[in-house]
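Trainee: Structure file start23.pdb, PDB, C-alpha atoms, pLDDT in the B column, is pasted below:
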ATOM      1  CA  MET A   1      -8.580  23.832 -34.256  1.00 78.00           C
ATOM      2  CA  GLN A   2      -4.994  23.032 -34.856  1.00 84.00           C
ATOM      3  CA  GLU A   3      -4.307  26.718 -35.155  1.00 83.00           C
ATOM      4  CA  LYS A   4      -5.961  27.299 -31.790  1.00 76.00           C
ATOM      5  CA  GLN A   5      -3.786  24.623 -30.176  1.00 79.00           C
ATOM      6  CA  GLN A   6      -0.695  26.201 -31.677  1.00 79.00           C
ATOM      7  CA  LEU A   7      -1.691  29.568 -30.262  1.00 74.00           C
ATOM      8  CA  ILE A   8      -2.315  28.025 -26.838  1.00 76.00           C
ATOM      9  CA  THR A   9       1.079  26.296 -26.912  1.00 82.00           C
ATOM     10  CA  LYS A  10       2.759  29.506 -28.076  1.00 81.00           C
ATOM     11  CA  ASN A  11       1.004  31.435 -25.327  1.00 81.00           C
ATOM     12  CA  GLU A  12       2.106  28.898 -22.680  1.00 79.00           C
ATOM     13  CA  LYS A  13       5.707  29.180 -23.886  1.00 81.00           C
ATOM     14  CA  LEU A  14       5.517  32.960 -23.773  1.00 77.00           C
ATOM     15  CA  MET A  15       4.050  32.843 -20.257  1.00 81.00           C
ATOM     16  CA  SER A  16       6.833  30.476 -19.181  1.00 81.00           C
ATOM     17  CA  LYS A  17       9.424  32.816 -20.670  1.00 81.00           C
ATOM     18  CA  ASN A  18       7.703  35.703 -18.925  1.00 81.00           C
ATOM     19  CA  ASP A  19       7.881  33.812 -15.602  1.00 78.00           C
ATOM     20  CA  ASN A  20      11.574  33.109 -16.204  1.00 80.00           C
ATOM     21  CA  LEU A  21      12.206  36.762 -17.052  1.00 77.00           C
ATOM     22  CA  THR A  22      10.319  37.835 -13.948  1.00 85.00           C
ATOM     23  CA  SER A  23      12.405  35.463 -11.834  1.00 84.00           C
ATOM     24  CA  GLU A  24      15.632  36.709 -13.464  1.00 86.00           C
ATOM     25  CA  SER A  25      14.485  40.296 -12.963  1.00 87.00           C
ATOM     26  CA  GLU A  26      13.825  39.627  -9.260  1.00 89.00           C
ATOM     27  CA  GLN A  27      17.266  38.040  -8.915  1.00 90.00           C
ATOM     28  CA  LEU A  28      18.871  41.035 -10.608  1.00 88.00           C
ATOM     29  CA  ILE A  29      16.982  43.403  -8.324  1.00 91.00           C
ATOM     30  CA  LEU A  30      18.155  41.401  -5.298  1.00 90.00           C
ATOM     31  CA  LYS A  31      21.771  41.441  -6.571  1.00 92.00           C
ATOM     32  CA  ASN A  32      21.506  45.162  -7.184  1.00 95.00           C
ATOM     33  CA  THR A  33      20.172  45.705  -3.657  1.00 94.00           C
ATOM     34  CA  ASN A  34      22.994  43.593  -2.187  1.00 94.00           C
ATOM     35  CA  LEU A  35      25.613  45.448  -4.229  1.00 94.00           C
ATOM     36  CA  THR A  36      24.128  48.789  -3.192  1.00 96.00           C
ATOM     37  CA  ASN A  37      24.288  47.738   0.476  1.00 96.00           C
ATOM     38  CA  GLU A  38      27.875  46.512   0.045  1.00 96.00           C
ATOM     39  CA  ARG A  39      28.773  49.807  -1.660  1.00 96.00           C
ATOM     40  CA  GLN A  40      27.283  51.746   1.267  1.00 97.00           C
ATOM     41  CA  GLN A  41      29.290  49.631   3.721  1.00 97.00           C
ATOM     42  CA  LEU A  42      32.473  50.258   1.717  1.00 96.00           C
ATOM     43  CA  ILE A  43      31.755  53.990   1.654  1.00 97.00           C
ATOM     44  CA  LEU A  44      31.286  53.928   5.442  1.00 97.00           C
ATOM     45  CA  LYS A  45      34.526  51.945   5.930  1.00 97.00           C
ATOM     46  CA  ASN A  46      36.361  54.366   3.652  1.00 97.00           C
ATOM     47  CA  THR A  47      34.989  57.328   5.618  1.00 97.00           C
ATOM     48  CA  ASN A  48      36.040  55.723   8.917  1.00 97.00           C
ATOM     49  CA  LEU A  49      39.510  54.912   7.582  1.00 97.00           C
ATOM     50  CA  THR A  50      39.867  58.445   6.236  1.00 97.00           C
ATOM     51  CA  ASN A  51      38.920  59.856   9.652  1.00 97.00           C
ATOM     52  CA  GLU A  52      41.327  57.483  11.383  1.00 97.00           C
ATOM     53  CA  ARG A  53      44.071  58.485   8.934  1.00 97.00           C
ATOM     54  CA  GLN A  54      43.437  62.157   9.663  1.00 97.00           C
ATOM     55  CA  GLN A  55      43.637  61.469  13.411  1.00 97.00           C
ATOM     56  CA  LEU A  56      46.925  59.603  12.932  1.00 97.00           C
ATOM     57  CA  ILE A  57      48.308  62.455  10.831  1.00 97.00           C
ATOM     58  CA  LEU A  58      47.327  64.894  13.580  1.00 96.00           C
ATOM     59  CA  LYS A  59      48.920  62.688  16.264  1.00 96.00           C
ATOM     60  CA  ASN A  60      52.066  62.371  14.153  1.00 97.00           C
ATOM     61  CA  THR A  61      52.195  66.145  13.693  1.00 96.00           C
ATOM     62  CA  ASN A  62      51.753  66.686  17.440  1.00 95.00           C
ATOM     63  CA  LEU A  63      54.446  64.125  18.279  1.00 95.00           C
ATOM     64  CA  THR A  64      56.805  65.662  15.724  1.00 94.00           C
ATOM     65  CA  ASN A  65      56.211  69.090  17.253  1.00 92.00           C
ATOM     66  CA  ASP A  66      56.724  67.717  20.775  1.00 89.00           C
ATOM     67  CA  ARG A  67      59.954  65.994  19.674  1.00 86.00           C
ATOM     68  CA  GLN A  68      61.236  69.194  18.075  1.00 85.00           C
ATOM     69  CA  GLN A  69      60.360  71.195  21.177  1.00 82.00           C
ATOM     70  CA  LEU A  70      62.186  68.640  23.337  1.00 78.00           C
ATOM     71  CA  ARG A  71      65.204  68.769  21.021  1.00 74.00           C
ATOM     72  CA  ASN A  72      65.217  72.545  21.244  1.00 74.00           C
ATOM     73  CA  GLU A  73      65.004  72.405  25.028  1.00 70.00           C
ATOM     74  CA  LEU A  74      67.784  69.839  25.245  1.00 65.00           C
ATOM     75  CA  LYS A  75      70.021  71.761  22.855  1.00 67.00           C
ATOM     76  CA  ASN A  76      69.775  74.624  25.291  1.00 70.00           C
ATOM     77  CA  CYS A  77      71.846  72.836  27.927  1.00 75.00           C
ATOM     78  CA  ASP A  78      73.240  76.059  29.443  1.00 76.00           C
ATOM     79  CA  GLY A  79      76.921  75.222  29.081  1.00 76.00           C
ATOM     80  CA  TRP A  80      76.464  71.480  29.322  1.00 84.00           C
ATOM     81  CA  ILE A  81      77.217  69.113  26.430  1.00 83.00           C
ATOM     82  CA  TYR A  82      74.255  67.968  24.348  1.00 81.00           C
ATOM     83  CA  TYR A  83      74.503  64.364  23.091  1.00 81.00           C
ATOM     84  CA  GLN A  84      71.779  61.930  21.976  1.00 79.00           C
ATOM     85  CA  PHE A  85      68.911  63.984  23.440  1.00 76.00           C
ATOM     86  CA  SER A  86      70.580  64.393  26.839  1.00 80.00           C
ATOM     87  CA  CYS A  87      72.671  67.058  28.525  1.00 82.00           C
ATOM     88  CA  TYR A  88      75.991  66.152  30.162  1.00 85.00           C
ATOM     89  CA  TYR A  89      78.065  68.212  32.564  1.00 84.00           C
ATOM     90  CA  ILE A  90      81.750  67.400  32.671  1.00 83.00           C
ATOM     91  CA  SER A  91      83.502  69.006  35.600  1.00 81.00           C
ATOM     92  CA  ASN A  92      87.168  69.977  35.624  1.00 81.00           C
ATOM     93  CA  GLU A  93      87.317  69.561  39.404  1.00 84.00           C
ATOM     94  CA  THR A  94      88.637  66.453  41.125  1.00 86.00           C
ATOM     95  CA  LYS A  95      86.115  65.141  43.648  1.00 89.00           C
ATOM     96  CA  THR A  96      85.224  61.906  45.400  1.00 90.00           C
ATOM     97  CA  TRP A  97      82.385  59.805  44.036  1.00 89.00           C
ATOM     98  CA  SER A  98      80.073  61.034  46.845  1.00 90.00           C
ATOM     99  CA  ASP A  99      81.015  64.682  46.308  1.00 92.00           C
ATOM    100  CA  SER A 100      80.509  64.288  42.545  1.00 89.00           C
ATOM    101  CA  LYS A 101      77.103  62.706  43.131  1.00 91.00           C
ATOM    102  CA  ASN A 102      76.087  65.532  45.492  1.00 92.00           C
ATOM    103  CA  ASP A 103      77.339  68.138  42.993  1.00 90.00           C
ATOM    104  CA  CYS A 104      75.180  66.510  40.300  1.00 88.00           C
ATOM    105  CA  LEU A 105      72.151  66.441  42.583  1.00 90.00           C
ATOM    106  CA  ASN A 106      72.659  70.143  43.398  1.00 91.00           C
ATOM    107  CA  ARG A 107      72.589  70.811  39.637  1.00 87.00           C
ATOM    108  CA  GLY A 108      69.298  68.882  39.247  1.00 86.00           C
ATOM    109  CA  ALA A 109      71.003  65.881  37.663  1.00 88.00           C
ATOM    110  CA  ASP A 110      72.785  62.686  38.635  1.00 90.00           C
ATOM    111  CA  LEU A 111      75.889  60.767  37.696  1.00 89.00           C
ATOM    112  CA  ILE A 112      75.817  59.214  34.243  1.00 89.00           C
ATOM    113  CA  ILE A 113      74.134  55.859  33.679  1.00 88.00           C
ATOM    114  CA  ILE A 114      75.753  54.135  30.704  1.00 86.00           C
ATOM    115  CA  ASN A 115      73.258  52.036  28.764  1.00 84.00           C
ATOM    116  CA  ASN A 116      75.007  51.443  25.446  1.00 85.00           C
ATOM    117  CA  SER A 117      78.340  51.486  23.643  1.00 87.00           C
ATOM    118  CA  GLU A 118      77.658  54.885  22.020  1.00 87.00           C
ATOM    119  CA  GLU A 119      77.250  56.478  25.430  1.00 84.00           C
ATOM    120  CA  GLN A 120      80.367  54.668  26.654  1.00 85.00           C
ATOM    121  CA  ASN A 121      82.333  56.013  23.665  1.00 86.00           C
ATOM    122  CA  PHE A 122      80.994  59.524  24.313  1.00 84.00           C
ATOM    123  CA  VAL A 123      82.216  59.403  27.905  1.00 81.00           C
ATOM    124  CA  ASN A 124      85.591  58.009  26.845  1.00 80.00           C
ATOM    125  CA  MET A 125      85.984  60.790  24.237  1.00 79.00           C
ATOM    126  CA  SER A 126      85.178  63.549  26.740  1.00 70.00           C
ATOM    127  CA  GLY A 127      88.885  64.249  27.223  1.00 67.00           C
ATOM    128  CA  ASN A 128      88.887  63.779  30.972  1.00 64.00           C
ATOM    129  CA  ALA A 129      91.412  61.350  32.368  1.00 63.00           C
ATOM    130  CA  GLY A 130      89.057  60.265  35.119  1.00 73.00           C
ATOM    131  CA  PHE A 131      85.392  60.575  35.867  1.00 80.00           C
ATOM    132  CA  HIS A 132      82.723  59.078  38.069  1.00 83.00           C
ATOM    133  CA  ILE A 133      79.746  57.161  36.738  1.00 85.00           C
ATOM    134  CA  GLY A 134      76.491  56.474  38.544  1.00 86.00           C
ATOM    135  CA  LEU A 135      77.287  52.908  39.542  1.00 86.00           C
ATOM    136  CA  SER A 136      77.495  51.722  43.134  1.00 84.00           C
ATOM    137  CA  LYS A 137      77.721  48.424  44.932  1.00 80.00           C
ATOM    138  CA  ASN A 138      75.065  47.509  47.462  1.00 72.00           C
ATOM    139  CA  ASP A 139      76.891  46.628  50.683  1.00 67.00           C
ATOM    140  CA  VAL A 140      74.187  44.226  51.866  1.00 69.00           C
ATOM    141  CA  ALA A 141      73.464  42.307  48.669  1.00 70.00           C
ATOM    142  CA  GLY A 142      76.851  42.892  47.049  1.00 73.00           C
ATOM    143  CA  THR A 143      75.228  43.750  43.698  1.00 81.00           C
ATOM    144  CA  TRP A 144      76.012  46.671  41.422  1.00 84.00           C
ATOM    145  CA  LYS A 145      73.193  49.135  40.767  1.00 85.00           C
ATOM    146  CA  TRP A 146      72.882  52.395  38.918  1.00 86.00           C
ATOM    147  CA  VAL A 147      72.076  55.523  40.936  1.00 87.00           C
ATOM    148  CA  ASP A 148      68.448  55.336  39.805  1.00 86.00           C
ATOM    149  CA  GLY A 149      68.168  51.839  41.356  1.00 82.00           C
ATOM    150  CA  THR A 150      68.142  49.914  38.062  1.00 84.00           C
ATOM    151  CA  ASN A 151      70.239  46.832  37.445  1.00 80.00           C
ATOM    152  CA  VAL A 152      73.289  46.910  35.201  1.00 81.00           C
ATOM    153  CA  THR A 153      72.298  45.754  31.709  1.00 77.00           C
ATOM    154  CA  TYR A 154      75.181  47.117  29.610  1.00 67.00           C
ATOM    155  CA  LYS A 155      78.674  45.827  30.296  1.00 64.00           C
TER     156      LYS A 155
END
Here is a file; write its structure as structure tokens.

Mentor:
Amino acid sequence: MQEKQQLITKNEKLMSKNDNLTSESEQLILKNTNLTNERQQLILKNTNLTNERQQLILKNTNLTNDRQQLRNELKNCDGWIYYQFSCYYISNETKTWSDSKNDCLNRGADLIIINNSEEQNFVNMSGNAGFHIGLSKNDVAGTWKWVDGTNVTYK
């Protein structure tokens, strides 16, 4: 009888262990499922980021090509001086400001607008003793404006 009780107790312990193992197994299966889902999400994010990277590389390539094309176009200034992505025409003729402005407009350009010290130095180094810039004073308001209507920001 004592042997029977020992077997019953041993069986109960084994069943309890089995229940614990089943519970642990279920938890492991759940963790595995969660990790698999997380892995799939990471794969999807990686795919999306890879696609986005490829699009950015393509945009960068296109912008680089556009910039090079623009540089090539600007370097072909047809006798004008190319400086900092712009073409400059420096006349040897002496004209009034209005005549100079009209001459520029006839050439599809306008008088220079100086926005920074590098551009100022470029104009000063041009070798001409005198030149006109695209700055005029509004008679009504008494304010200085560039020929494109913008306010003076560089002094």

Trainee: For this file, the PyMOL selection byres ((chain A and resi 123) around 12) selects which residues, as a PyMOL selection string?

Mentor: chain A and resi 81+83+88-90+111-122+124-133

Trainee: Ranking A:Gly149, A:Gly134, A:Gly142, A:Gly79 by minimum distance to Leu105 in chain A and counting all atoms listed in the file, which one comes first?

Mentor: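 Nearest to Leu105 in chain A: A:Gly134.
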
Trainee: Let me know the centre plus edge lengths, in Å and rounded to one decimal, of a box with edges along x, y and z that contains all listed atoms of range 74-90 of chain A and is padded by 6 Å on every side, as AutoDock Vina command-line options.

Mentor:
--center_x 74.8 --center_y 69.0 --center_z 27.3 --size_x 26.0 --size_y 26.1 --size_z 22.7

Trainee: Measuring between only C-alpha atoms, which one of A:Asn102, A:Asn60, A:Gln41, A:Asn51 shows the shortest distance to Val147 in chain A?

Mentor: A:Asn102

Trainee: Give me, please, the distance in Å between CA of Leu49 in chain A and CA of Thr61 in chain A, quoted to one decimal.

Mentor: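 Interatomic distance, CA of Leu49 in chain A to CA of Thr61 in chain A: 18.0 Å.
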
Trainee: Compile the contact shell of Asn76 in chain A as a list in words: residues with an atom at most 12 Å away, counting all atoms listed in the file, same-chain residues fewer than 6 positions apart removed.

Mentor: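 Contacts, with the query itself left out: Gln69, Leu70, Tyr82, Tyr83, Phe85, Ser86, Cys87 and Tyr88 of chain A.
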
Trainee: Could you jot down the CA of Leu135 in chain A to CA of Asp78 in chain A separation for me, Å, one decimal place?

Mentor: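 One can read the CA of Leu135 in chain A to CA of Asp78 in chain A distance as 25.6 Å.
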
Trainee: Quick one: distance from CA of Asn34 in chain A to CA of Asn46 in chain A in Å, one decimal?

Mentor: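 Result for CA of Asn34 in chain A versus CA of Asn46 in chain A: 18.1 Å, one decimal.
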